[in-house]
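Undergrad: Hey, dropping model.tsv in here, TSV, C-alpha atoms:
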```tsv
chain	number	residue	atom	x	y	z
V	1	MET	CA	41.14	37.80	-23.07
V	2	GLY	CA	41.47	36.47	-19.54
V	3	SER	CA	40.10	33.11	-18.47
V	4	PRO	CA	36.61	33.12	-16.96
V	5	THR	CA	36.41	33.32	-13.19
V	6	ALA	CA	35.96	29.93	-11.57
V	7	ALA	CA	32.66	29.34	-9.83
V	8	PRO	CA	32.87	29.76	-6.05
V	9	THR	CA	33.11	26.54	-4.06
V	10	MET	CA	32.13	25.52	-0.55
V	11	ALA	CA	35.76	26.11	0.47
V	12	HIS	CA	35.49	29.73	-0.71
V	13	VAL	CA	32.36	30.18	1.38
V	14	ALA	CA	34.05	28.66	4.43
V	15	ARG	CA	37.04	30.98	4.04
V	16	ARG	CA	34.87	34.09	3.61
V	17	ALA	CA	32.72	33.20	6.65
V	18	GLY	CA	35.67	32.12	8.78
V	19	VAL	CA	34.23	28.68	9.49
V	20	SER	CA	34.99	25.10	8.59
V	21	HIS	CA	33.87	23.27	5.47
V	22	GLN	CA	31.67	21.06	7.70
V	23	THR	CA	29.90	24.10	9.15
V	24	VAL	CA	29.01	25.33	5.66
V	25	SER	CA	27.67	21.86	4.86
V	26	ARG	CA	25.53	21.89	8.02
V	27	VAL	CA	24.03	25.26	7.07
V	28	LEU	CA	23.28	24.05	3.53
V	29	ASN	CA	21.61	20.94	4.94
V	30	ASP	CA	19.62	23.05	7.42
V	31	ALA	CA	21.07	21.18	10.39
V	32	ASP	CA	20.13	22.37	13.88
V	33	ALA	CA	23.62	22.26	15.40
V	34	VAL	CA	24.70	25.69	14.08
V	35	ARG	CA	24.52	28.88	16.15
V	36	PRO	CA	22.23	31.57	14.63
V	37	GLU	CA	25.04	34.12	14.30
V	38	THR	CA	27.24	31.53	12.52
V	39	ARG	CA	24.41	30.54	10.20
V	40	GLU	CA	23.86	34.21	9.32
V	41	ARG	CA	27.56	34.68	8.58
V	42	VAL	CA	27.61	31.65	6.26
V	43	LEU	CA	24.43	32.73	4.45
V	44	ARG	CA	25.89	36.21	3.97
V	45	ALA	CA	29.07	34.71	2.47
V	46	ILE	CA	26.99	32.54	0.13
V	47	SER	CA	25.09	35.61	-1.05
V	48	GLU	CA	28.21	37.75	-1.50
V	49	LEU	CA	30.05	35.06	-3.48
V	50	GLY	CA	27.05	33.93	-5.51
V	51	TYR	CA	27.67	30.33	-4.48
V	52	ARG	CA	25.43	27.69	-6.05
V	53	ARG	CA	25.32	24.18	-4.67
V	54	ASN	CA	26.48	21.41	-7.00
V	55	SER	CA	23.64	18.93	-6.71
V	56	ALA	CA	25.30	16.41	-8.99
V	57	ALA	CA	28.43	16.32	-6.84
V	58	ARG	CA	26.32	16.02	-3.72
V	59	ALA	CA	24.45	13.08	-5.23
V	60	LEU	CA	27.73	11.28	-5.97
V	61	VAL	CA	28.85	11.65	-2.37
V	62	THR	CA	25.59	10.94	-0.57
V	63	ARG	CA	23.88	8.80	-3.24
V	64	ARG	CA	20.87	11.05	-2.61
V	65	SER	CA	19.81	13.69	-5.11
V	66	GLY	CA	16.77	14.90	-3.20
V	67	LEU	CA	14.83	14.91	-6.49
V	68	ILE	CA	11.50	13.41	-7.50
V	69	GLY	CA	10.81	13.07	-11.22
V	70	VAL	CA	7.29	13.79	-12.50
V	71	ILE	CA	6.03	12.76	-15.94
V	72	VAL	CA	2.76	14.40	-17.03
V	73	ASP	CA	0.55	14.67	-20.08
V	74	GLU	CA	-2.29	17.13	-20.80
V	75	LEU	CA	-0.77	19.87	-18.63
V	76	ARG	CA	-3.13	22.32	-20.37
V	77	LEU	CA	-6.04	20.81	-18.43
V	78	TYR	CA	-6.93	21.98	-14.92
V	79	GLY	CA	-6.75	18.54	-13.28
V	80	PRO	CA	-3.24	17.47	-14.37
V	81	ALA	CA	-1.86	21.00	-13.89
V	82	SER	CA	-3.28	21.22	-10.36
V	83	THR	CA	-2.01	17.73	-9.56
V	84	VAL	CA	1.56	18.60	-10.60
V	85	SER	CA	1.46	21.87	-8.66
V	86	SER	CA	0.28	20.04	-5.54
V	87	ILE	CA	2.98	17.38	-5.89
V	88	ALA	CA	5.62	20.12	-6.16
V	89	GLN	CA	4.37	21.79	-2.99
V	90	ALA	CA	4.12	18.54	-1.03
V	91	ALA	CA	7.58	17.48	-2.25
V	92	ARG	CA	9.08	20.78	-1.12
V	93	GLU	CA	7.49	20.39	2.31
V	94	ALA	CA	9.01	16.90	2.51
V	95	GLY	CA	12.45	18.26	1.61
V	96	TYR	CA	12.53	17.17	-2.04
V	97	GLY	CA	12.93	19.04	-5.29
V	98	MET	CA	11.10	18.10	-8.49
V	99	THR	CA	12.03	17.65	-12.14
V	100	LEU	CA	9.30	17.67	-14.79
V	101	ASP	CA	8.93	15.92	-18.14
V	102	LEU	CA	5.93	16.89	-20.29
V	103	LEU	CA	4.57	14.35	-22.78
V	104	TRP	CA	2.57	15.39	-25.83
V	105	ASP	CA	1.60	11.82	-26.67
V	106	VAL	CA	1.53	9.02	-24.12
V	107	THR	CA	3.06	6.10	-26.00
V	108	GLY	CA	5.20	3.25	-24.75
V	109	PRO	CA	8.36	4.76	-26.29
V	110	SER	CA	7.62	8.31	-25.06
V	111	VAL	CA	7.07	7.14	-21.47
V	112	SER	CA	10.23	5.00	-21.64
V	113	ALA	CA	12.23	7.98	-22.91
V	114	ALA	CA	10.87	10.19	-20.11
V	115	LEU	CA	11.77	7.56	-17.53
V	116	GLU	CA	15.31	7.40	-18.92
V	117	HIS	CA	15.58	11.19	-18.87
V	118	HIS	CA	14.68	11.33	-15.18
V	119	LEU	CA	17.04	8.47	-14.33
V	120	SER	CA	19.88	10.44	-15.99
V	121	GLN	CA	19.18	13.19	-13.44
V	122	SER	CA	19.58	10.74	-10.53
V	123	VAL	CA	16.02	11.14	-9.27
V	124	GLU	CA	15.12	9.05	-6.23
V	125	ALA	CA	11.59	8.22	-7.43
V	126	ILE	CA	9.26	8.92	-10.35
V	127	VAL	CA	5.56	9.88	-10.35
V	128	LEU	CA	3.55	9.29	-13.52
V	129	VAL	CA	0.60	11.67	-13.95
V	130	ALA	CA	-0.95	10.27	-17.13
V	131	ALA	CA	-4.64	9.51	-17.43
V	132	HIS	CA	-4.62	7.60	-20.69
V	133	GLY	CA	-2.42	6.24	-23.45
V	134	GLU	CA	0.02	3.36	-23.85
V	135	THR	CA	2.14	1.94	-21.07
V	136	PRO	CA	5.83	1.17	-21.58
V	137	ASP	CA	7.13	-2.33	-22.14
V	138	PRO	CA	6.83	-4.29	-18.85
V	139	ALA	CA	10.54	-5.04	-19.05
V	140	VAL	CA	11.29	-1.30	-18.88
V	141	LEU	CA	9.27	-1.02	-15.67
V	142	ARG	CA	10.88	-4.11	-14.16
V	143	ASP	CA	14.37	-2.76	-14.81
V	144	LEU	CA	13.77	0.56	-13.04
V	145	ASP	CA	16.05	0.94	-10.04
V	146	VAL	CA	13.93	3.69	-8.43
V	147	PRO	CA	10.32	3.52	-7.16
V	148	LEU	CA	7.56	4.38	-9.63
V	149	ILE	CA	4.21	5.79	-8.47
V	150	ALA	CA	1.34	6.08	-10.99
V	151	LEU	CA	-1.61	8.30	-10.16
V	152	ASP	CA	-5.15	7.06	-10.87
V	153	GLY	CA	-3.93	3.49	-11.33
V	154	PHE	CA	-2.57	4.10	-14.84
V	155	LEU	CA	-0.13	1.17	-14.64
V	156	GLY	CA	-2.53	-1.28	-13.02
V	157	ALA	CA	-2.98	-2.78	-9.58
V	158	GLY	CA	0.67	-3.77	-9.13
V	159	THR	CA	1.90	-0.18	-8.89
V	160	PRO	CA	1.39	2.04	-5.80
V	161	THR	CA	-1.16	4.69	-6.66
V	162	ALA	CA	-3.13	7.63	-5.32
V	163	GLY	CA	-6.12	9.29	-6.92
V	164	VAL	CA	-9.40	11.09	-6.42
V	165	ASP	CA	-12.46	8.84	-6.10
V	166	GLN	CA	-13.89	9.73	-9.50
V	167	ARG	CA	-16.75	7.23	-9.35
V	168	ALA	CA	-17.90	8.57	-6.01
V	169	GLY	CA	-17.80	12.09	-7.46
V	170	GLY	CA	-19.97	11.10	-10.42
V	171	ALA	CA	-22.48	9.46	-8.10
V	172	MET	CA	-22.42	12.48	-5.78
V	173	ALA	CA	-23.22	14.89	-8.62
V	174	THR	CA	-26.07	12.71	-9.84
V	175	ARG	CA	-27.56	12.14	-6.38
V	176	HIS	CA	-27.56	15.90	-5.83
V	177	LEU	CA	-29.77	16.29	-8.90
V	178	LEU	CA	-31.96	13.36	-7.90
V	179	ASP	CA	-32.42	14.88	-4.45
V	180	LEU	CA	-33.65	18.06	-6.17
V	181	GLY	CA	-36.41	16.05	-7.82
V	182	HIS	CA	-34.84	15.61	-11.26
V	183	ARG	CA	-35.60	12.40	-13.12
V	184	ARG	CA	-34.64	13.34	-16.68
V	185	ILE	CA	-30.89	13.71	-16.21
V	186	GLY	CA	-28.48	13.71	-19.14
V	187	HIS	CA	-24.72	13.29	-18.97
V	188	ILE	CA	-21.85	14.75	-21.03
V	189	THR	CA	-18.79	12.54	-20.58
V	190	GLY	CA	-15.13	13.17	-21.16
V	191	PRO	CA	-13.17	11.25	-23.83
V	192	GLU	CA	-13.98	7.54	-23.83
V	193	ASP	CA	-10.34	6.45	-23.32
V	194	TRP	CA	-9.86	8.43	-20.09
V	195	PRO	CA	-10.31	6.36	-16.89
V	196	GLN	CA	-11.58	9.47	-15.07
V	197	SER	CA	-14.30	9.90	-17.67
V	198	GLN	CA	-15.25	6.23	-17.42
V	199	ALA	CA	-15.38	6.35	-13.62
V	200	ARG	CA	-17.51	9.52	-13.51
V	201	GLN	CA	-19.96	7.98	-15.97
V	202	ALA	CA	-20.05	4.78	-13.90
V	203	GLY	CA	-20.93	6.87	-10.83
V	204	TYR	CA	-23.73	8.58	-12.79
V	205	ARG	CA	-25.20	5.24	-13.90
V	206	GLU	CA	-24.83	3.75	-10.42
V	207	ALA	CA	-26.75	6.61	-8.78
V	208	MET	CA	-29.50	6.49	-11.42
V	209	GLU	CA	-29.86	2.72	-11.03
V	210	GLN	CA	-29.98	2.91	-7.23
V	211	ALA	CA	-32.73	5.53	-7.51
V	212	GLY	CA	-34.67	3.34	-9.93
V	213	VAL	CA	-34.42	6.03	-12.62
V	214	ARG	CA	-33.59	5.33	-16.24
V	215	PRO	CA	-30.40	7.11	-17.43
V	216	GLY	CA	-30.94	10.00	-19.81
V	217	PRO	CA	-28.99	10.79	-22.98
V	218	VAL	CA	-25.22	10.25	-22.67
V	219	VAL	CA	-23.06	12.32	-25.04
V	220	THR	CA	-19.27	12.11	-25.39
V	221	GLY	CA	-17.21	15.31	-25.09
V	222	ASP	CA	-13.48	16.09	-25.20
V	223	TRP	CA	-13.11	18.23	-22.03
V	224	SER	CA	-13.39	21.51	-24.02
V	225	PRO	CA	-16.09	24.22	-23.66
V	226	ARG	CA	-16.89	23.75	-27.35
V	227	SER	CA	-17.78	20.08	-26.81
V	228	GLY	CA	-19.87	20.98	-23.75
V	229	HIS	CA	-21.74	23.53	-25.86
V	230	ALA	CA	-22.47	20.98	-28.59
V	231	GLY	CA	-23.09	18.15	-26.12
V	232	SER	CA	-25.79	19.96	-24.16
V	233	LEU	CA	-27.69	20.70	-27.38
V	234	GLN	CA	-27.41	17.02	-28.34
V	235	VAL	CA	-28.82	16.01	-24.94
V	236	LEU	CA	-31.81	18.30	-25.41
V	237	ASP	CA	-32.29	17.10	-28.98
V	238	GLN	CA	-32.35	13.46	-27.84
V	239	ASP	CA	-34.66	14.19	-24.89
V	240	PRO	CA	-36.39	17.61	-24.91
V	241	SER	CA	-37.83	16.84	-21.47
V	242	THR	CA	-34.34	16.83	-19.87
V	243	THR	CA	-34.30	18.97	-16.72
V	244	ALA	CA	-30.69	18.44	-15.60
V	245	ILE	CA	-27.28	17.68	-17.07
V	246	PHE	CA	-24.27	16.30	-15.22
V	247	VAL	CA	-21.18	17.45	-17.14
V	248	ALA	CA	-17.90	15.58	-16.56
V	249	ASN	CA	-15.74	18.70	-16.16
V	250	ASP	CA	-16.20	22.41	-15.55
V	251	GLN	CA	-14.80	23.59	-18.88
V	252	MET	CA	-17.47	21.60	-20.73
V	253	ALA	CA	-20.05	22.83	-18.21
V	254	MET	CA	-19.16	26.43	-19.13
V	255	GLY	CA	-19.92	25.62	-22.74
V	256	ALA	CA	-23.19	23.97	-21.68
V	257	LEU	CA	-24.30	27.07	-19.76
V	258	ARG	CA	-23.79	29.24	-22.82
V	259	ALA	CA	-25.59	26.80	-25.13
V	260	LEU	CA	-28.58	26.59	-22.80
V	261	ALA	CA	-28.81	30.38	-22.62
V	262	GLU	CA	-28.66	30.60	-26.41
V	263	ALA	CA	-31.41	27.96	-26.63
V	264	GLY	CA	-33.65	30.05	-24.37
V	265	LYS	CA	-33.32	27.67	-21.41
V	266	ARG	CA	-33.04	29.25	-17.96
V	267	VAL	CA	-30.54	27.75	-15.54
V	268	PRO	CA	-31.59	26.35	-13.13
V	269	GLU	CA	-35.33	27.06	-13.60
V	270	ASP	CA	-35.56	24.98	-16.80
V	271	VAL	CA	-32.34	22.94	-16.76
V	272	SER	CA	-29.90	22.42	-13.88
V	273	VAL	CA	-26.19	21.93	-14.57
V	274	VAL	CA	-23.52	20.28	-12.40
V	275	GLY	CA	-19.84	20.20	-13.38
V	276	PHE	CA	-16.72	18.50	-12.02
V	277	ASP	CA	-13.36	19.91	-10.77
V	278	ASP	CA	-14.30	23.29	-9.20
V	279	ILE	CA	-11.99	25.35	-11.39
V	280	PRO	CA	-11.37	28.92	-10.16
V	281	GLU	CA	-13.79	30.30	-12.77
V	282	ALA	CA	-16.69	28.10	-11.59
V	283	SER	CA	-17.90	30.54	-8.95
V	284	PHE	CA	-17.88	33.39	-11.52
V	285	ALA	CA	-20.00	31.59	-14.13
V	286	GLN	CA	-23.48	32.88	-14.87
V	287	PRO	CA	-25.06	31.45	-12.86
V	288	PRO	CA	-22.31	30.25	-10.46
V	289	LEU	CA	-21.63	26.60	-11.20
V	290	THR	CA	-22.48	23.72	-8.89
V	291	THR	CA	-19.61	21.26	-9.17
V	292	ILE	CA	-17.62	18.44	-7.59
V	293	ARG	CA	-14.39	19.65	-6.01
V	294	GLN	CA	-11.28	17.51	-6.29
V	295	ASP	CA	-8.87	17.98	-3.39
V	296	PHE	CA	-5.64	18.29	-5.35
V	297	ALA	CA	-3.64	19.38	-2.29
V	298	ALA	CA	-4.55	16.10	-0.58
V	299	LEU	CA	-3.74	14.17	-3.77
V	300	GLY	CA	-0.29	15.77	-3.92
V	301	ARG	CA	0.36	14.87	-0.29
V	302	GLU	CA	-0.74	11.27	-0.88
V	303	ALA	CA	1.50	10.96	-3.93
V	304	VAL	CA	4.52	12.23	-2.00
V	305	ARG	CA	3.62	9.97	0.96
V	306	LEU	CA	3.88	6.98	-1.38
V	307	VAL	CA	7.13	8.32	-2.85
V	308	VAL	CA	8.80	8.87	0.54
V	309	GLY	CA	7.59	5.49	1.78
V	310	ALA	CA	9.01	3.78	-1.30
V	311	ILE	CA	12.33	5.60	-1.01
V	312	GLU	CA	12.61	4.62	2.64
V	313	GLY	CA	11.82	0.98	1.83
V	314	ALA	CA	8.38	0.65	3.41
V	315	ASP	CA	7.07	-2.92	3.31
V	316	GLU	CA	3.56	-1.86	2.36
V	317	LEU	CA	2.37	1.18	0.44
V	318	PRO	CA	-1.43	1.25	0.68
V	319	SER	CA	-3.03	3.16	-2.17
V	320	THR	CA	-5.44	5.97	-1.38
V	321	LEU	CA	-8.56	7.40	-2.97
V	322	VAL	CA	-9.09	11.03	-1.95
V	323	PRO	CA	-12.82	11.76	-1.44
V	324	PRO	CA	-14.36	14.54	-3.58
V	325	ARG	CA	-16.83	17.13	-2.27
V	326	LEU	CA	-19.99	18.68	-3.66
V	327	VAL	CA	-19.95	22.48	-3.95
V	328	ALA	CA	-23.56	23.58	-4.43
V	329	ARG	CA	-24.09	26.89	-6.20
V	330	ALA	CA	-26.86	28.54	-8.21
V	331	SER	CA	-26.69	26.41	-11.39
V	332	SER	CA	-28.64	23.58	-9.74
V	333	GLY	CA	-32.16	23.92	-8.42
V	334	ARG	CA	-35.34	21.97	-7.92
V	335	ALA	CA	-36.74	20.23	-10.96
V	336	PRO	CA	-39.67	21.97	-12.65
V	337	HIS	CA	-42.93	20.83	-11.02
V	338	ALA	CA	-41.00	18.73	-8.46
V	339	PRO	CA	-42.86	18.51	-5.13
V	340	ARG	CA	-41.29	20.60	-2.38
V	341	GLY	CA	-40.55	19.34	1.07
V	342	ARG	CA	-38.01	16.90	2.50
V	343	ARG	CA	-35.48	15.54	0.04
V	344	ARG	CA	-35.24	11.82	-0.55
```
What do you get writing this file as structure tokens?

TA:
Amino acid sequence: MGSPTAAPTMAHVARRAGVSHQTVSRVLNDADAVRPETRERVLRAISELGYRRNSAARALVTRRSGLIGVIVDELRLYGPASTVSSIAQAAREAGYGMTLDLLWDVTGPSVSAALEHHLSQSVEAIVLVAAHGETPDPAVLRDLDVPLIALDGFLGAGTPTAGVDQRAGGAMATRHLLDLGHRRIGHITGPEDWPQSQARQAGYREAMEQAGVRPGPVVTGDWSPRSGHAGSLQVLDQDPSTTAIFVANDQMAMGALRALAEAGKRVPEDVSVVGFDDIPEASFAQPPLTTIRQDFAALGREAVRLVVGAIEGADELPSTLVPPRLVARASSGRAPHAPRGRRR
């Protein structure tokens, strides 16, 4: 049996295209100083030979891998999945690739192992997309020789961070219901150990307090439609006069809509429902779901802005809260017997 064919190198490409090694390098780095016909000849040679760039070798020479490492938990949920997708797109636009490490449990050792895994791939920075769980030993973070960005402030105030203004979103959802004349407003939260859940509930309580209205029943969910189904029935059981429910994510809101229909409650004539996230299915719910939209594209851009600034040695990296937006649809309407006319 003959020996396997060696993988084509940059020198092979240069020979096939009839150009210098440096010209091939310029084409690969998308430099401007290459004539279009020469670039086309090099690209054709790359295609014919099946050349693949050796990123590891490039990193040794330039000390730049062009990679950003991302560590994420709960990728099954819409928010984290959309955040990672947006980071990937923003990184690509900034000229970076991305490596991904998925955690099933966010513990100090698991985060430390993920950090080590990314460092072994010579990443230039790491973004941590984890909403809850344990943080690694402070010594591990201190010894990192690449920048670390943590979304939603997971690692505390000392780490550059970007996030959506969850508290403002919770207040926005609640004020929308208050403006529709509702005064008996319940709330289904996310898990108690999630900062996003805590912030959305804080926004709900803040808006109710500012309006001089006593908060309604508050029930804890787990982000799933099943918990939204059960939670909405618990809200009605605790206060049968409830006319509106602010639900901390759209999946739970979907469960709430079904439970209300099964209970003989019309939405929004009897009970209005507002969710959070604006998942793609929200506009196809029955009725279409009023919700708070998180701008994940902007969040991805902000995360990569912090990454690039850190890589380039910026003196200051101001953190950013991306504002959410209310998307009003048919699941929210005026409270029963509420006076019509100008909103508060």

Undergrad: Kindly provide the residues of region 147-256 of chain V that approach region 265-274 of chain V to within 9 Å, each paired with its closest atom pair and their distance in Å to one decimal, based on only C-alpha atoms, listed by chain and increasing number, as JSON lines.

TA:
```
{"residue": "V:Ala173", "atom": "CA", "partner": "V:Val274", "partner_atom": "CA", "distance": 6.6}
{"residue": "V:Thr174", "atom": "CA", "partner": "V:Val274", "partner_atom": "CA", "distance": 8.4}
{"residue": "V:His176", "atom": "CA", "partner": "V:Val274", "partner_atom": "CA", "distance": 8.9}
{"residue": "V:Leu177", "atom": "CA", "partner": "V:Ser272", "partner_atom": "CA", "distance": 7.9}
{"residue": "V:His182", "atom": "CA", "partner": "V:Ser272", "partner_atom": "CA", "distance": 8.8}
{"residue": "V:Thr242", "atom": "CA", "partner": "V:Val271", "partner_atom": "CA", "distance": 7.1}
{"residue": "V:Thr243", "atom": "CA", "partner": "V:Val271", "partner_atom": "CA", "distance": 4.4}
{"residue": "V:Ala244", "atom": "CA", "partner": "V:Ser272", "partner_atom": "CA", "distance": 4.4}
{"residue": "V:Ile245", "atom": "CA", "partner": "V:Val273", "partner_atom": "CA", "distance": 5.0}
{"residue": "V:Phe246", "atom": "CA", "partner": "V:Val274", "partner_atom": "CA", "distance": 4.9}
{"residue": "V:Val247", "atom": "CA", "partner": "V:Val274", "partner_atom": "CA", "distance": 6.0}
{"residue": "V:Ala248", "atom": "CA", "partner": "V:Val274", "partner_atom": "CA", "distance": 8.4}
{"residue": "V:Asn249", "atom": "CA", "partner": "V:Val274", "partner_atom": "CA", "distance": 8.8}
{"residue": "V:Asp250", "atom": "CA", "partner": "V:Val274", "partner_atom": "CA", "distance": 8.2}
{"residue": "V:Ala253", "atom": "CA", "partner": "V:Val273", "partner_atom": "CA", "distance": 7.2}
{"residue": "V:Ala256", "atom": "CA", "partner": "V:Val273", "partner_atom": "CA", "distance": 8.0}
```

Undergrad: Write the residues of the preceding selection, restricted to C-alpha atoms, as a tab-separated table (two decimals), in the frame of the given file.

TA:
```tsv
chain	number	residue	atom	x	y	z
V	173	ALA	CA	-23.22	14.89	-8.62
V	174	THR	CA	-26.07	12.71	-9.84
V	176	HIS	CA	-27.56	15.90	-5.83
V	177	LEU	CA	-29.77	16.29	-8.90
V	182	HIS	CA	-34.84	15.61	-11.26
V	242	THR	CA	-34.34	16.83	-19.87
V	243	THR	CA	-34.30	18.97	-16.72
V	244	ALA	CA	-30.69	18.44	-15.60
V	245	ILE	CA	-27.28	17.68	-17.07
V	246	PHE	CA	-24.27	16.30	-15.22
V	247	VAL	CA	-21.18	17.45	-17.14
V	248	ALA	CA	-17.90	15.58	-16.56
V	249	ASN	CA	-15.74	18.70	-16.16
V	250	ASP	CA	-16.20	22.41	-15.55
V	253	ALA	CA	-20.05	22.83	-18.21
V	256	ALA	CA	-23.19	23.97	-21.68
```

Undergrad: Between CA of Ala45 (chain V) and CA of Glu93 (chain V), what is the distance, to one decimal in Å?

TA: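 CA of Glu93 (chain V) lies 25.9 Å from CA of Ala45 (chain V).
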
Undergrad: So, counting all atoms listed in the file, which residue among V:Glu124, V:Glu312, V:Glu74, V:Asp277 is closest to Phe296 (chain V)?

TA: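 Closest residue, counting all atoms listed in the file: V:Asp277.
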
Undergrad: Pick the closest to Leu260 (chain V) from V:Thr161, V:Ser331, V:Ser112, V:Ser319: which is it, counting all atoms listed in the file?

TA: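 Under the stated criterion, the closest residue is V:Ser331.
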
Undergrad: Neighbours of region 129-131 of chain V within 9 Å (only C-alpha atoms; same-chain residues fewer than 5 positions away dropped), as an MDAnalysis selection string?

TA: chainID V and resid 70:74 80 83:84 103 106 149:154 193:196

Undergrad: Within 8 Å of region 162-170 of chain V, counting all atoms listed in the file, which residues show up once you throw out same-chain ones fewer than 6 positions away? Write them as a tab-separated table (two decimals) with C-alpha atoms, keeping the file's coordinate frame, please.

TA:
```tsv
chain	number	residue	atom	x	y	z
V	150	ALA	CA	1.34	6.08	-10.99
V	151	LEU	CA	-1.61	8.30	-10.16
V	152	ASP	CA	-5.15	7.06	-10.87
V	153	GLY	CA	-3.93	3.49	-11.33
V	196	GLN	CA	-11.58	9.47	-15.07
V	199	ALA	CA	-15.38	6.35	-13.62
V	200	ARG	CA	-17.51	9.52	-13.51
V	201	GLN	CA	-19.96	7.98	-15.97
V	202	ALA	CA	-20.05	4.78	-13.90
V	203	GLY	CA	-20.93	6.87	-10.83
V	204	TYR	CA	-23.73	8.58	-12.79
V	248	ALA	CA	-17.90	15.58	-16.56
V	276	PHE	CA	-16.72	18.50	-12.02
V	292	ILE	CA	-17.62	18.44	-7.59
V	294	GLN	CA	-11.28	17.51	-6.29
V	295	ASP	CA	-8.87	17.98	-3.39
V	299	LEU	CA	-3.74	14.17	-3.77
V	302	GLU	CA	-0.74	11.27	-0.88
V	303	ALA	CA	1.50	10.96	-3.93
V	319	SER	CA	-3.03	3.16	-2.17
V	320	THR	CA	-5.44	5.97	-1.38
V	321	LEU	CA	-8.56	7.40	-2.97
V	322	VAL	CA	-9.09	11.03	-1.95
V	323	PRO	CA	-12.82	11.76	-1.44
V	324	PRO	CA	-14.36	14.54	-3.58
V	325	ARG	CA	-16.83	17.13	-2.27
V	326	LEU	CA	-19.99	18.68	-3.66
```

Undergrad: Given 5 Å on each side, where is the centre and what are the edge lengths in Å to one decimal of the axis-aligned box enclosing the listed atoms of region 91-106 of chain V, as JSON?

TA:
```
{"center_x": 7.2, "center_y": 14.9, "center_z": -12.1, "size_x": 21.4, "size_y": 21.8, "size_z": 39.2}
```

Undergrad: Pick from V:Met254, V:Arg183, V:Ala14, V:Glu116: nearest to Arg226 (chain V), with only C-alpha atoms counted?

TA: V:Met254

Undergrad: My list of candidates is V:Leu178, V:Gly309, V:Ser47, V:Ile126. Which is closest to Arg16 (chain V) when distances are computed with only C-alpha atoms?

TA: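 Closest to Arg16 (chain V) of all the choices is V:Ser47.
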
Undergrad: Just the number, please: distance in Å from CA of Tyr51 (chain V) to CA of Leu119 (chain V), one decimal.

TA: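 Here the two named atoms are 26.2 Å from each other.
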
Undergrad: With all atoms listed in the file as the atoms that count, which of V:Leu180, V:Ala297, V:Ala211, V:Arg142 lies nearest to Ala328 (chain V)?

TA: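 Counting all atoms listed in the file, the residue closest to Ala328 (chain V) is V:Leu180.
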
Undergrad: Mind giving me the straight-line distance from CA of Leu28 (chain V) to CA of Ile68 (chain V) in Å, one decimal?

TA: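 Going from CA of Leu28 (chain V) over to CA of Ile68 (chain V), I get 19.3 Å.
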
Undergrad: Looking at V:Glu316, V:Glu262, V:Glu40, V:Asp278, which one is nearest to Ser82 (chain V), with distances taken over only C-alpha atoms?

TA: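 Of V:Glu316, V:Glu262, V:Glu40, V:Asp278, the one nearest Ser82 (chain V) is V:Asp278, counting only C-alpha atoms.
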
Undergrad: Need the shell around Leu236 (chain V): protein/DNA/RNA residues with any atom at most 9 Å away, counting only C-alpha atoms. Skip same-chain ones fewer than 5 positions apart. Format as a list in words?

TA: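 Listing them by chain and then by number gives Gly186, Pro217, Gly231, Ser241 and Thr242 of chain V.
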
Undergrad: Please produce an output containing C-alpha atoms for each residue in the selection, written as a PDB file, keeping the file's coordinate frame.

TA:
```pdb
ATOM      1  CA  GLY V 186     -28.480  13.710 -19.140  1.00  0.00           C
ATOM      2  CA  PRO V 217     -28.990  10.790 -22.980  1.00  0.00           C
ATOM      3  CA  GLY V 231     -23.090  18.150 -26.120  1.00  0.00           C
ATOM      4  CA  SER V 241     -37.830  16.840 -21.470  1.00  0.00           C
ATOM      5  CA  THR V 242     -34.340  16.830 -19.870  1.00  0.00           C
TER       6      THR V 242
END
```

Undergrad: May I ask you to restore N, CA, C and O atoms in region 86-91 of chain V and write the result as a short mmCIF file (atom, residue, chain, number, x, y, z; two decimals), in the frame of the given file?

TA:
```
data_model
loop_
_atom_site.label_atom_id
_atom_site.label_comp_id
_atom_site.auth_asym_id
_atom_site.auth_seq_id
_atom_site.Cartn_x
_atom_site.Cartn_y
_atom_site.Cartn_z
N SER V 86 0.42 20.55 -6.91
CA SER V 86 0.28 20.04 -5.54
C SER V 86 1.41 19.08 -5.18
O SER V 86 1.88 19.07 -4.03
N ILE V 87 1.84 18.27 -6.14
CA ILE V 87 2.98 17.38 -5.89
C ILE V 87 4.23 18.21 -5.60
O ILE V 87 4.99 17.89 -4.68
N ALA V 88 4.44 19.27 -6.37
CA ALA V 88 5.62 20.12 -6.16
C ALA V 88 5.62 20.72 -4.76
O ALA V 88 6.65 20.75 -4.07
N GLN V 89 4.45 21.19 -4.32
CA GLN V 89 4.37 21.79 -2.99
C GLN V 89 4.60 20.75 -1.90
O GLN V 89 5.36 20.99 -0.95
N ALA V 90 3.96 19.59 -2.04
CA ALA V 90 4.12 18.54 -1.03
C ALA V 90 5.56 18.03 -1.01
O ALA V 90 6.11 17.72 0.06
N ALA V 91 6.19 17.93 -2.18
CA ALA V 91 7.58 17.48 -2.25
C ALA V 91 8.49 18.46 -1.54
O ALA V 91 9.39 18.07 -0.78
#
```
